[in-house]
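Asks: What follows is start23.cif, made up of mmCIF, C-alpha atoms and all ligand atoms:
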```cif
data_query
loop_
_atom_site.label_atom_id
_atom_site.label_comp_id
_atom_site.auth_asym_id
_atom_site.auth_seq_id
_atom_site.Cartn_x
_atom_site.Cartn_y
_atom_site.Cartn_z
CA MET X 261 -38.20 71.68 159.86
CA ALA X 262 -37.30 75.37 159.92
CA LEU X 263 -38.44 77.61 157.07
CA ASN X 264 -34.90 78.27 155.84
CA LYS X 265 -34.11 74.53 155.72
CA LEU X 266 -37.29 73.85 153.74
CA ILE X 267 -36.27 76.49 151.21
CA LEU X 268 -32.74 75.05 150.96
CA ASN X 269 -34.13 71.53 150.44
CA TRP X 270 -36.41 72.85 147.75
CA TYR X 271 -33.44 74.60 146.10
CA ASP X 272 -31.33 71.43 146.10
CA LYS X 273 -34.00 69.71 144.02
CA ASN X 274 -35.15 72.61 141.85
CA LYS X 275 -32.37 75.12 141.36
CA ARG X 276 -32.00 76.67 137.93
CA ASP X 277 -28.93 75.79 135.93
CA LEU X 278 -27.56 79.27 135.23
CA PRO X 279 -24.14 79.97 133.66
CA TRP X 280 -22.77 81.84 136.72
CA ARG X 281 -23.80 79.03 139.07
CA HIS X 282 -20.83 76.97 137.90
CA THR X 283 -18.35 79.28 139.60
CA LYS X 284 -17.79 81.24 142.80
CA ASN X 285 -15.39 83.63 141.13
CA PRO X 286 -16.44 87.08 142.41
CA TYR X 287 -15.79 88.65 139.00
CA ASN X 288 -18.39 86.40 137.35
CA ILE X 289 -20.89 86.74 140.19
CA TRP X 290 -20.48 90.53 140.14
CA ILE X 291 -21.08 90.73 136.37
CA SER X 292 -24.12 88.43 136.60
CA GLU X 293 -25.71 90.35 139.48
CA ILE X 294 -25.25 93.72 137.80
CA ILE X 295 -26.63 92.48 134.47
CA LEU X 296 -29.64 90.85 136.15
CA GLN X 297 -30.75 94.08 137.82
CA GLN X 298 -33.76 95.38 135.85
CA THR X 299 -33.28 92.60 133.28
CA ARG X 300 -35.32 89.52 132.41
CA MET X 301 -33.52 86.23 133.08
CA GLU X 302 -33.46 85.13 129.45
CA GLN X 303 -31.99 88.42 128.29
CA GLY X 304 -29.61 88.42 131.29
CA ILE X 305 -28.17 85.02 130.33
CA TYR X 306 -27.60 86.18 126.75
CA TYR X 307 -25.80 89.36 127.83
CA TYR X 308 -23.83 87.57 130.56
CA ASN X 309 -22.45 85.04 128.07
CA ARG X 310 -21.59 87.79 125.61
CA PHE X 311 -19.95 89.92 128.30
CA ILE X 312 -17.87 87.06 129.70
CA SER X 313 -16.68 85.94 126.30
CA ARG X 314 -15.61 89.52 125.43
CA PHE X 315 -14.28 90.43 128.93
CA PRO X 316 -13.44 87.05 130.51
CA ASP X 317 -11.64 88.44 133.55
CA LEU X 318 -11.05 91.54 135.63
CA LYS X 319 -7.84 92.48 133.84
CA THR X 320 -9.44 92.38 130.38
CA LEU X 321 -12.30 94.60 131.53
CA ALA X 322 -10.07 97.00 133.45
CA THR X 323 -7.73 97.52 130.50
CA SER X 324 -10.50 97.95 127.92
CA ASP X 325 -11.92 101.15 126.54
CA GLU X 326 -15.20 102.29 128.16
CA LYS X 327 -16.64 102.75 124.65
CA ASP X 328 -16.25 99.00 124.00
CA VAL X 329 -18.05 98.18 127.26
CA LEU X 330 -20.92 100.51 126.36
CA LEU X 331 -21.09 99.03 122.85
CA LEU X 332 -21.54 95.57 124.32
CA TRP X 333 -24.12 96.87 126.80
CA GLN X 334 -26.31 98.37 124.04
CA GLY X 335 -29.92 97.27 124.39
CA LEU X 336 -29.69 96.43 128.10
CA GLY X 337 -30.47 99.96 129.30
CA TYR X 338 -29.45 101.57 132.61
CA TYR X 339 -26.05 102.35 131.16
CA SER X 340 -24.64 103.68 134.43
CA ARG X 341 -24.29 99.99 135.32
CA ALA X 342 -21.80 99.52 132.48
CA ARG X 343 -19.89 102.71 133.27
CA ASN X 344 -19.65 101.73 136.95
CA LEU X 345 -18.56 98.17 136.13
CA HIS X 346 -15.74 99.55 134.04
CA TYR X 347 -14.75 102.15 136.65
CA THR X 348 -14.76 99.62 139.50
CA SER X 349 -12.83 97.02 137.51
CA LYS X 350 -10.06 99.59 137.02
CA HIS X 351 -10.14 100.44 140.73
CA ILE X 352 -9.83 96.79 141.83
CA TYR X 353 -7.16 96.11 139.22
CA ASN X 354 -5.05 99.20 139.93
CA GLN X 355 -5.70 100.00 143.59
CA LEU X 356 -6.55 96.62 145.14
CA ASN X 357 -4.02 94.51 143.29
CA SER X 358 -6.86 92.67 141.52
CA GLU X 359 -8.12 91.31 144.86
CA PHE X 360 -11.89 91.44 145.25
CA PRO X 361 -12.92 92.58 148.76
CA GLU X 362 -14.68 89.78 150.66
CA SER X 363 -16.74 91.64 153.24
CA TYR X 364 -20.05 93.40 152.71
CA GLU X 365 -18.61 96.55 154.32
CA GLU X 366 -15.70 96.76 151.86
CA LEU X 367 -17.73 95.73 148.82
CA ILE X 368 -20.39 98.37 149.36
CA LYS X 369 -17.74 101.09 149.19
CA LEU X 370 -17.16 100.28 145.51
CA LYS X 371 -18.87 102.38 142.87
CA GLY X 372 -21.98 100.69 141.45
CA ILE X 373 -22.14 98.10 144.23
CA GLY X 374 -25.11 98.67 146.52
CA ASP X 375 -26.65 96.73 149.38
CA TYR X 376 -28.02 93.98 147.15
CA THR X 377 -24.85 93.30 145.14
CA ALA X 378 -22.57 93.52 148.18
CA SER X 379 -24.75 90.97 149.99
CA ALA X 380 -24.89 88.68 146.97
CA ILE X 381 -21.11 88.68 146.33
CA SER X 382 -20.11 88.34 149.99
CA SER X 383 -22.55 85.48 150.61
CA ILE X 384 -22.20 83.57 147.32
CA CYS X 385 -18.43 83.90 146.89
CA PHE X 386 -17.19 84.21 150.47
CA GLU X 387 -19.94 82.55 152.56
CA LYS X 388 -20.68 85.63 154.65
CA SER X 389 -24.00 85.75 156.47
CA GLN X 390 -25.55 88.63 154.52
CA PRO X 391 -29.20 88.46 153.40
CA VAL X 392 -30.03 89.75 149.92
CA LEU X 393 -33.09 91.87 149.36
CA ASP X 394 -34.37 91.83 145.81
CA GLY X 395 -37.93 91.95 144.51
CA ASN X 396 -38.34 88.21 145.08
CA VAL X 397 -37.23 88.39 148.69
CA PHE X 398 -39.42 91.42 149.43
CA ARG X 399 -42.40 89.55 148.02
CA ILE X 400 -41.79 86.32 149.93
CA ILE X 401 -41.19 88.09 153.25
CA SER X 402 -44.18 90.40 152.85
CA ARG X 403 -46.45 87.40 152.24
CA VAL X 404 -45.01 85.03 154.83
CA TYR X 405 -45.21 87.66 157.60
CA GLU X 406 -48.04 89.78 156.16
CA ILE X 407 -45.92 92.91 156.33
CA LYS X 408 -47.93 95.92 155.25
CA ASN X 409 -45.03 98.35 154.78
CA PRO X 410 -44.93 99.31 151.07
CA ILE X 411 -41.99 97.56 149.44
CA ASP X 412 -41.23 100.49 147.13
CA LEU X 413 -40.54 102.95 149.95
CA ASN X 414 -36.98 103.33 151.22
CA LYS X 415 -38.13 103.56 154.81
CA SER X 416 -39.58 100.03 154.61
CA ARG X 417 -36.19 98.56 153.79
CA LYS X 418 -35.05 98.34 157.41
CA VAL X 419 -38.10 96.27 158.40
CA PHE X 420 -37.54 93.78 155.60
CA LYS X 421 -33.79 93.63 156.18
CA GLU X 422 -34.32 92.74 159.85
CA LYS X 423 -36.74 89.97 158.92
CA ALA X 424 -34.39 88.68 156.23
CA LYS X 425 -31.57 88.52 158.79
CA GLU X 426 -33.75 86.57 161.24
CA MET X 427 -34.59 84.08 158.52
CA MET X 428 -30.96 83.27 157.58
CA PRO X 429 -29.80 79.69 158.20
CA SER X 430 -26.63 78.94 160.18
CA ASP X 431 -24.66 77.90 157.09
CA ARG X 432 -24.93 77.77 153.27
CA TYR X 433 -25.56 81.53 153.14
CA GLY X 434 -24.84 81.86 149.43
CA ASP X 435 -27.06 78.91 148.50
CA TYR X 436 -29.84 80.22 150.72
CA ASN X 437 -29.83 83.66 149.07
CA GLN X 438 -29.92 82.10 145.64
CA ALA X 439 -32.63 79.71 146.81
CA LEU X 440 -34.86 82.63 147.80
CA MET X 441 -34.38 84.25 144.40
CA ASP X 442 -35.31 81.02 142.58
CA PHE X 443 -38.17 80.32 144.97
CA GLY X 444 -39.59 83.81 144.34
CA SER X 445 -39.29 83.43 140.55
CA ILE X 446 -40.70 79.91 140.30
CA ILE X 447 -43.10 79.42 143.25
CA CYS X 448 -43.91 82.65 145.09
CA LYS X 449 -44.42 84.54 141.81
CA PRO X 450 -45.87 88.06 141.61
CA LEU X 451 -49.06 86.79 139.93
CA ASN X 452 -50.65 83.41 140.57
CA PRO X 453 -48.14 82.06 143.11
CA LEU X 454 -48.09 78.27 143.32
CA CYS X 455 -49.29 78.10 146.93
CA SER X 456 -50.70 74.60 146.58
CA SER X 457 -47.23 73.21 145.88
CA CYS X 458 -45.36 75.58 148.20
CA VAL X 459 -43.12 73.87 150.77
CA ILE X 460 -43.40 76.77 153.25
CA SER X 461 -47.16 77.34 153.05
CA LYS X 462 -47.67 76.27 156.67
CA PHE X 463 -45.43 79.20 157.71
CA CYS X 464 -47.11 81.67 155.39
CA SER X 465 -49.50 84.06 157.15
CA ALA X 466 -50.94 85.43 153.91
CA PHE X 467 -51.71 81.91 152.69
CA ASN X 468 -53.24 80.87 156.00
CA ASN X 469 -55.33 84.04 156.16
CA ASN X 470 -56.37 83.82 152.52
CA SER X 471 -54.84 87.23 151.78
CA VAL X 472 -52.00 86.41 149.37
CA GLU X 473 -53.40 88.69 146.67
CA TYR X 474 -52.93 91.75 148.93
CA TYR X 475 -49.16 91.29 149.27
CA PRO X 476 -46.70 92.78 148.67
CA VAL X 477 -48.14 96.22 149.44
CA LYS X 478 -47.00 99.06 147.18
CA SER X 479 -47.37 102.80 147.68
CA SER X 480 -49.34 104.73 145.08
CA LYS X 481 -47.60 104.55 141.76
CA SER X 482 -44.79 107.02 141.19
CA LYS X 483 -45.49 109.59 138.49
CA ILE X 484 -44.20 108.98 134.99
CA LYS X 485 -42.69 112.08 133.43
CA LEU X 486 -43.38 112.96 129.78
CA LEU X 487 -40.51 114.49 127.80
CA TYR X 488 -40.21 115.64 124.19
CA PHE X 489 -36.92 114.95 122.40
CA ASP X 490 -36.28 116.84 119.16
CA TYR X 491 -33.29 115.25 117.47
CA ILE X 492 -31.42 117.01 114.70
CA VAL X 493 -30.25 114.76 111.90
CA ALA X 494 -27.56 117.00 110.40
CA LYS X 495 -26.34 115.52 107.14
CA HIS X 496 -23.23 116.62 105.33
CA LYS X 497 -21.76 114.78 102.33
CA ASN X 498 -23.48 111.54 103.34
CA GLN X 499 -22.21 111.80 106.87
CA PHE X 500 -24.20 112.50 110.02
CA LEU X 501 -23.42 114.62 113.04
CA ILE X 502 -23.32 112.84 116.40
CA GLU X 503 -22.25 114.03 119.82
CA GLN X 504 -21.04 112.27 122.93
CA ILE X 505 -23.55 112.66 125.78
CA LYS X 506 -22.09 114.44 128.79
CA GLU X 507 -24.61 113.66 131.54
CA GLY X 508 -27.58 111.51 132.47
CA ILE X 509 -28.58 107.92 131.92
CA TRP X 510 -26.88 107.72 128.51
CA LYS X 511 -23.66 109.45 129.60
CA ASN X 512 -20.66 108.81 127.29
CA MET X 513 -22.86 107.21 124.63
CA PHE X 514 -23.55 108.96 121.30
CA GLN X 515 -26.60 110.56 119.71
CA PHE X 516 -27.74 113.21 117.25
CA PRO X 517 -27.82 116.70 118.79
CA VAL X 518 -31.06 116.93 120.73
CA HIS X 519 -33.35 119.49 122.32
CA VAL X 520 -35.22 118.13 125.35
CA SER X 521 -38.36 119.77 126.68
CA GLU X 522 -41.39 119.08 128.84
CA SER X 523 -43.68 120.45 126.13
CA LYS X 524 -44.00 119.93 122.40
CA LYS X 525 -41.89 122.45 120.50
CA THR X 526 -42.75 124.22 117.26
CA LYS X 527 -40.47 124.13 114.23
CA LYS X 528 -39.54 127.77 114.93
CA GLU X 529 -38.45 126.89 118.46
CA VAL X 530 -36.32 123.98 117.25
CA ILE X 531 -34.62 126.28 114.70
CA LYS X 532 -33.97 128.84 117.44
CA PHE X 533 -32.28 126.16 119.54
CA LEU X 534 -30.10 125.20 116.58
CA LEU X 535 -29.16 128.77 115.74
CA GLU X 536 -28.05 129.36 119.30
CA LYS X 537 -26.10 126.11 119.44
CA TYR X 538 -24.36 126.29 116.06
CA GLN X 539 -24.62 129.88 114.83
CA ALA X 540 -25.74 128.45 111.51
CA LYS X 541 -27.07 130.73 108.76
CA ASN X 542 -30.16 130.27 106.58
CA LEU X 543 -31.03 127.11 108.44
CA THR X 544 -33.88 124.98 107.13
CA ILE X 545 -35.17 121.84 108.79
CA LYS X 546 -37.89 119.37 107.94
CA LEU X 547 -39.51 116.61 109.91
CA ILE X 548 -38.50 113.15 108.75
CA ASP X 549 -41.77 111.74 110.05
CA SER X 550 -44.66 113.64 111.59
CA GLU X 551 -45.34 110.70 113.93
CA PHE X 552 -43.51 110.59 117.25
CA ILE X 553 -41.21 107.68 117.94
CA GLN X 554 -42.18 106.68 121.47
CA HIS X 555 -39.71 105.29 123.96
CA LYS X 556 -40.42 104.26 127.55
CA LEU X 557 -37.93 104.26 130.40
CA SER X 558 -38.83 103.33 133.97
CA HIS X 559 -39.91 106.87 134.98
CA ILE X 560 -39.93 108.71 131.68
CA ASN X 561 -42.00 108.47 128.54
CA ILE X 562 -40.14 110.01 125.62
CA ARG X 563 -41.86 111.33 122.52
CA SER X 564 -39.17 111.90 119.94
CA ARG X 565 -39.09 113.54 116.53
CA PHE X 566 -36.25 113.72 114.07
CA TRP X 567 -35.56 116.83 112.01
CA LEU X 568 -33.36 116.71 108.93
CA THR X 569 -31.05 119.55 107.96
CA GLU X 570 -28.52 119.29 105.16
CA ASN X 571 -25.15 120.96 104.62
CA LYS X 572 -25.78 123.80 107.04
CA ILE X 573 -24.18 122.96 110.35
CA ASN X 574 -20.47 123.21 111.01
CA VAL X 575 -19.42 121.76 114.29
CA ASP X 576 -16.96 122.60 117.00
CA GLU X 577 -18.20 119.75 119.16
CA GLY X 578 -19.34 116.41 117.80
CA ILE X 579 -18.27 114.50 114.74
CA TYR X 580 -19.64 113.62 111.35
CA VAL X 581 -19.73 109.86 110.82
CA SER X 582 -20.76 107.58 107.98
CA SER X 583 -21.19 104.47 110.16
CA PHE X 584 -23.00 104.26 113.47
CA LYS X 585 -21.92 100.73 114.30
CA GLU X 586 -18.75 101.79 116.08
CA TYR X 587 -20.58 104.11 118.48
CA PRO X 588 -22.62 102.98 121.50
CA MET X 589 -26.13 104.41 121.26
CA SER X 590 -29.45 104.17 123.08
CA LYS X 591 -32.29 101.91 121.97
CA LEU X 592 -34.19 105.04 120.96
CA MET X 593 -31.44 106.06 118.51
CA HIS X 594 -31.35 102.53 117.15
CA LYS X 595 -35.13 102.54 116.67
CA PHE X 596 -34.80 105.58 114.43
CA ILE X 597 -31.70 104.39 112.58
CA GLU X 598 -33.27 101.01 111.83
CA LYS X 599 -36.52 102.57 110.66
CA TYR X 600 -34.87 105.08 108.32
CA THR X 601 -31.72 103.25 107.20
CA HIS X 602 -32.94 103.07 103.65
CA GLU X 603 -34.27 106.61 103.29
CA LEU X 604 -31.12 108.21 104.69
CA SER X 605 -28.61 105.78 103.19
CA ILE X 606 -27.28 105.18 106.69
CA SER X 607 -24.85 102.33 107.12
S1 LIG H 701 -47.88 79.91 150.36
FE1 LIG H 701 -48.05 81.06 148.49
S2 LIG H 701 -47.75 83.18 149.11
FE2 LIG H 701 -47.03 81.94 150.78
S3 LIG H 701 -44.84 81.72 150.43
FE3 LIG H 701 -45.86 79.96 149.46
S4 LIG H 701 -46.20 80.58 147.34
FE4 LIG H 701 -45.74 82.44 148.53
#
```
Output the file's structure as structure tokens, nothing else.
Ligand code: SF4
Replies:
Amino acid sequence: MALNKLILNWYDKNKRDLPWRHTKNPYNIWISEIILQQTRMEQGIYYYNRFISRFPDLKTLATSDEKDVLLLWQGLGYYSRARNLHYTSKHIYNQLNSEFPESYEELIKLKGIGDYTASAISSICFEKSQPVLDGNVFRIISRVYEIKNPIDLNKSRKVFKEKAKEMMPSDRYGDYNQALMDFGSIICKPLNPLCSSCVISKFCSAFNNNSVEYYPVKSSKSKIKLLYFDYIVAKHKNQFLIEQIKEGIWKNMFQFPVHVSESKKTKKEVIKFLLEKYQAKNLTIKLIDSEFIQHKLSHINIRSRFWLTENKINVDEGIYVSSFKEYPMSKLMHKFIEKYTHELSIS
């Protein structure tokens, strides 16, 4: 039996019962695929169910406020995914008469939909012959064919895509793509793959050559950048100053005013930043905690400190608020707010 048929047979007996597997509605599949990027399955299911119960269809999402979408997305990270979901829902609703494009070529033109998501939607919802390439598929292909091209380099993508195309069956494209994802998560796992119970082991070069542990190949690790965030907790009559973020990964979310630097700043330097930003007079600041609050993103390690200043800053931009709950904020902001709720009488 061909390799793709063996994987489909395995899937028919072992597929995971996931909430989005009960529908082929492209809206649901789109939401699930975007949430699952960079997200553990358990967390993905939780957020998917929450998202669908709050925004059950395209129209609800397209006619909602972006702030509400970001609020719901809090804790998932990679917030551009939420902004793009909202933007694209409005585009499909207003410009495409609520009709989801069916082809890979049309889907990939939409903001936030890349090669992987376009392949997943077109194959799962519309039975187009488009192979998906996610971490699972890279891993399986690299092992089965002993491909030495590093999977984390863009230039390797073409090699893997060609192989993935060759491996496609002649029907059941959507099932096959989902089968590979399940197979990679359950059998051909990153560590300790279950080769002894693998239904495609006779096709697997790495298994037959006893070299599974060497695949997939990765290039040398990309450098992690270290950044220092000095947040200013400006308090005024029991209210706190927050600003909407204009650019970057947390765009359109809210935070305390912040100074970002590649090196640790002195108190004097933080005051200088504040004086320039707010033209405040007789400014005094004090550290709320001398320890850094650490926060890790995929390519950035953040060391953050929080400086308190009271009744000194008047704002042109930003707002003073007494409750943070109505404003979408990063996990890092939440870490601080949770830790110091009591001390600062923050609600
Ligand atoms: S034999 Fe092992 S390495 Fe090869 S595909 Fe199966 S689980 Fe993966």
Asks: I'd like to know which of X:Leu263, X:Pro450, X:Asp442, X:Glu536 is closest to Tyr474 of chain X, using only C-alpha atoms.
Replies: X:Pro450
Asks: Could you work out an axis-aligned box for segment 325-330 of chain X, taking every atom the file lists and adding 3 Å on each side, and report centre and edge lengths in Å to one decimal, as JSON?
Replies:
```
{"center_x": -16.4, "center_y": 100.5, "center_z": 126.1, "size_x": 15.0, "size_y": 10.6, "size_z": 10.2}
```
Asks: Please extract the residues at most 12 Å from ligand LIG 701 (chain H), counting all atoms listed in the file, and provide them as number ranges by chain, using the chain letters and residue numbers of this document.
Replies: X: 263-264, 266-267, 270, 396-406, 440, 442-476
Asks: Measure the distance from atom CA of Ser590 of chain X to atom CA of Lys350 of chain X in Å and round it to one decimal.
Replies: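 Those two atoms sit 24.3 Å apart.
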Asks: Applying 12 Å and only C-alpha atoms, which residues near Glu422 of chain X remain after dropping the ones on its own chain fewer than 2 positions away? List them as a ChimeraX atom specification.
Replies: /X:390-393,398,401,416-420,424-428
Asks: Let me make sure I understand: among X:Tyr364, X:Tyr580, X:Phe596, X:Tyr538, which one has the smallest atom-to-atom distance to Ile553 of chain X if we use all atoms listed in the file?
Replies: X:Phe596
Asks: Between atom CA of Arg343 of chain X and atom CA of Asp325 of chain X, what is the distance in Å, rounded to a tenth?
Replies: 10.5 Å
Asks: For atom CA of Gln504 of chain X and atom CA of Asp317 of chain X, quote the distance in Å rounded to one decimal.
Replies: 27.7 Å
Asks: Go through X:Lys591, X:Val329, X:Ser564, X:Phe533 one by one, measure the shortest atom-to-atom distance of each to Glu551 of chain X using all atoms listed in the file, and give the residue with the smallest value.
Replies: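 Looking only at the distances to Glu551 of chain X, the closest residue turns out to be X:Ser564.
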Asks: Ranking X:Lys541, X:Lys327, X:Lys421, X:Lys525 by minimum distance to Asp490 of chain X and counting only C-alpha atoms, which one comes first?
Replies: X:Lys525
